[in-house]
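In what follows, a structure is listed as structure tokens, so that the remarks can point back to it.
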Amino acid sequence: MNKISLNIGFLEELFGHVLYISRGECLITDDIINQYAEEESKMNLLIGLKILHEDLELYKSNFRSQVEAEYELKMLRTKNQELEQFNYMASHDLKEPLRTMNCYSSLLLKKYEGLLDESGIKYLTFVKNSSTRMQKLVESLLNHSIISNESTFENVDCNALIVSILDDLKLLTDEANAEVTVDKLPIIYASSLSMNILFHNLISNAIKYRSKDRTCKVRITCTENNDQYTICIKDNGLGIKDEDMEKVFELFGRLHSKKEIEGTGIGLSTCKKIVGLHKGKIWLESVFGEGTSIFFSLPNLALPESSSDERGASAAS
């Protein structure tokens, strides 16, 4: 009888410990465990329960941290989406009044050029130039917003894309007397709009930040390895100091004043965003005073024409 009572008592003790553990508490101390030093099986049960409690608390802590992190990430994504939408709407709504300001200030300058005094011409010119700069800023902000909203991927022939971009930049290249050479580029599976913005920003930057001491030369090359393409836009321009390497990719990160070189400080930040959304990376190498090479890598995901046609047909059906 004494032996049975002892076993039942121990089982009741174990049950009590399990209840406490289920509530997140543990009353099993080293002193309690040592009471059963001569009964190895009972001691092992108590040790096992104590370890179970520790493991459960660790699991709960990790789970809580994971849930909190996921919640914070979800809230951050929601806030980012709201900011992107606001940015897009605000930028879009600003385009028309800025265009109107630019147009009317130009008309006034043209119509009343002979009647306005020096101050009048100065003020109107200031309005025209300011509205032009704001238009460029708004356009850059719109591009920055559109990237996350525009998600149509297709096979993009980078060779044809560069030809189109160089046509758009003809005025800039002629003004700078720039020499742009392009090696054979790949067909990539990407957002056509985003790739247009990416190449346009990088090529125009290479020309804008040219040196006055030599002919502006820009070369675009591509290498393929490890299932990815690495494209390089190399120039012989002003170059970038080592301490400014990361700053250029920040939003509104400018290294030169607007009087020196016009720009919004958004271009390379937009490029970084585009490359990131395409699961690639972007970086640069530069020697101050000699030139800069900007590299970006993209996965080699171009689809054969038959595959893309089949995908389009199955999507249509």
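In the structure tokens, chains take letters A, B, ... by order of appearance, with residues numbered from 1 within each chain and ligands from 1 in the order shown.
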Subject >> Long-range neighbours of stretch 201-216 of chain A as a PyMOL selection string, 7 Å cut-off, only C-alpha atoms, 2 positions minimum in chain >> reply: chain A and resi 177-179+197-199+218+235-238+267
Emit the selected residues as a PDB file, in the first residue's frame, including C-alpha atoms.
ATOM      1  CA  ASN A 177      29.596  65.832 -78.639  1.00  0.00           C
ATOM      2  CA  ALA A 178      29.476  62.481 -76.875  1.00  0.00           C
ATOM      3  CA  GLU A 179      30.607  59.181 -78.378  1.00  0.00           C
ATOM      4  CA  ILE A 197      13.926  54.247 -67.272  1.00  0.00           C
ATOM      5  CA  LEU A 198      17.018  52.354 -66.036  1.00  0.00           C
ATOM      6  CA  PHE A 199      19.072  52.695 -69.221  1.00  0.00           C
ATOM      7  CA  VAL A 218      30.426  56.182 -73.025  1.00  0.00           C
ATOM      8  CA  ASP A 235      32.273  56.781 -68.920  1.00  0.00           C
ATOM      9  CA  ASN A 236      35.392  58.933 -68.796  1.00  0.00           C
ATOM     10  CA  GLY A 237      33.726  61.744 -66.881  1.00  0.00           C
ATOM     11  CA  LEU A 238      34.185  63.458 -63.529  1.00  0.00           C
ATOM     12  CA  GLY A 267      17.819  58.982 -60.935  1.00  0.00           C
TER      13      GLY A 267
END
Which polymer residues have any atom within 6 Å of an atom of A:Ile187, counting only C-alpha atoms, with same-chain residues fewer than 5 positions away left out, as a PDB file with C-alpha atoms, in the first residue's frame?
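selection.pdb written:
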ATOM      1  CA  VAL A 156      12.995  42.982 -73.771  1.00  0.00           C
ATOM      2  CA  ASP A 157      15.588  43.353 -76.538  1.00  0.00           C
ATOM      3  CA  CYS A 158      18.129  45.661 -74.922  1.00  0.00           C
TER       4      CYS A 158
END
Original post:
Quick one: distance from atom CA of A:Phe153 to atom CA of A:Gly276 in Å, one decimal?
Top reply: 14.6 Å
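Within stretch 4-224 of chain A, residues classed as strand (DSSP E or B) by DSSP on backbone coordinates are A:Phe153, A:Glu154, A:Asn155, A:Val156, A:Asp157, A:Glu179, A:Val180, A:Thr181, A:Val182, A:Ile187, A:Ile188, A:Tyr189, A:Ala190, A:Ser191, A:Lys217, A:Val218, A:Arg219, A:Ile220, A:Thr221, A:Cys222, A:Thr223, A:Glu224.
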I need the residues from that last selection saved to file as a tab-separated table (two decimals), in the first residue's frame (with C-alpha atoms), if you can.
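Written output follows (out-v4.tsv):
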chain	number	residue	atom	x	y	z
A	153	PHE	CA	7.20	41.40	-67.65
A	154	GLU	CA	8.14	40.41	-71.18
A	155	ASN	CA	11.14	39.67	-73.35
A	156	VAL	CA	12.99	42.98	-73.77
A	157	ASP	CA	15.59	43.35	-76.54
A	179	GLU	CA	30.61	59.18	-78.38
A	180	VAL	CA	28.40	56.28	-77.27
A	181	THR	CA	29.41	52.76	-78.27
A	182	VAL	CA	27.26	49.73	-77.53
A	187	ILE	CA	17.26	39.82	-74.52
A	188	ILE	CA	16.06	39.83	-70.92
A	189	TYR	CA	12.77	38.96	-69.25
A	190	ALA	CA	11.86	42.20	-67.52
A	191	SER	CA	9.56	45.19	-67.33
A	217	LYS	CA	32.99	58.69	-74.26
A	218	VAL	CA	30.43	56.18	-73.02
A	219	ARG	CA	30.62	52.43	-73.59
A	220	ILE	CA	27.92	49.88	-72.80
A	221	THR	CA	28.99	46.25	-72.44
A	222	CYS	CA	27.56	42.99	-71.15
A	223	THR	CA	28.99	39.76	-69.75
A	224	GLU	CA	27.14	36.55	-68.91
**OP:** Write out as a list in words each polymer residue whose atoms come within 9 Å of stretch 55-66 of chain A, counting only C-alpha atoms; drop sequence neighbours fewer than 5 positions from it.
**Re:**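 Non-adjacent residues within range: Ile21, Gly24, Lys50 and Tyr71 of chain A.
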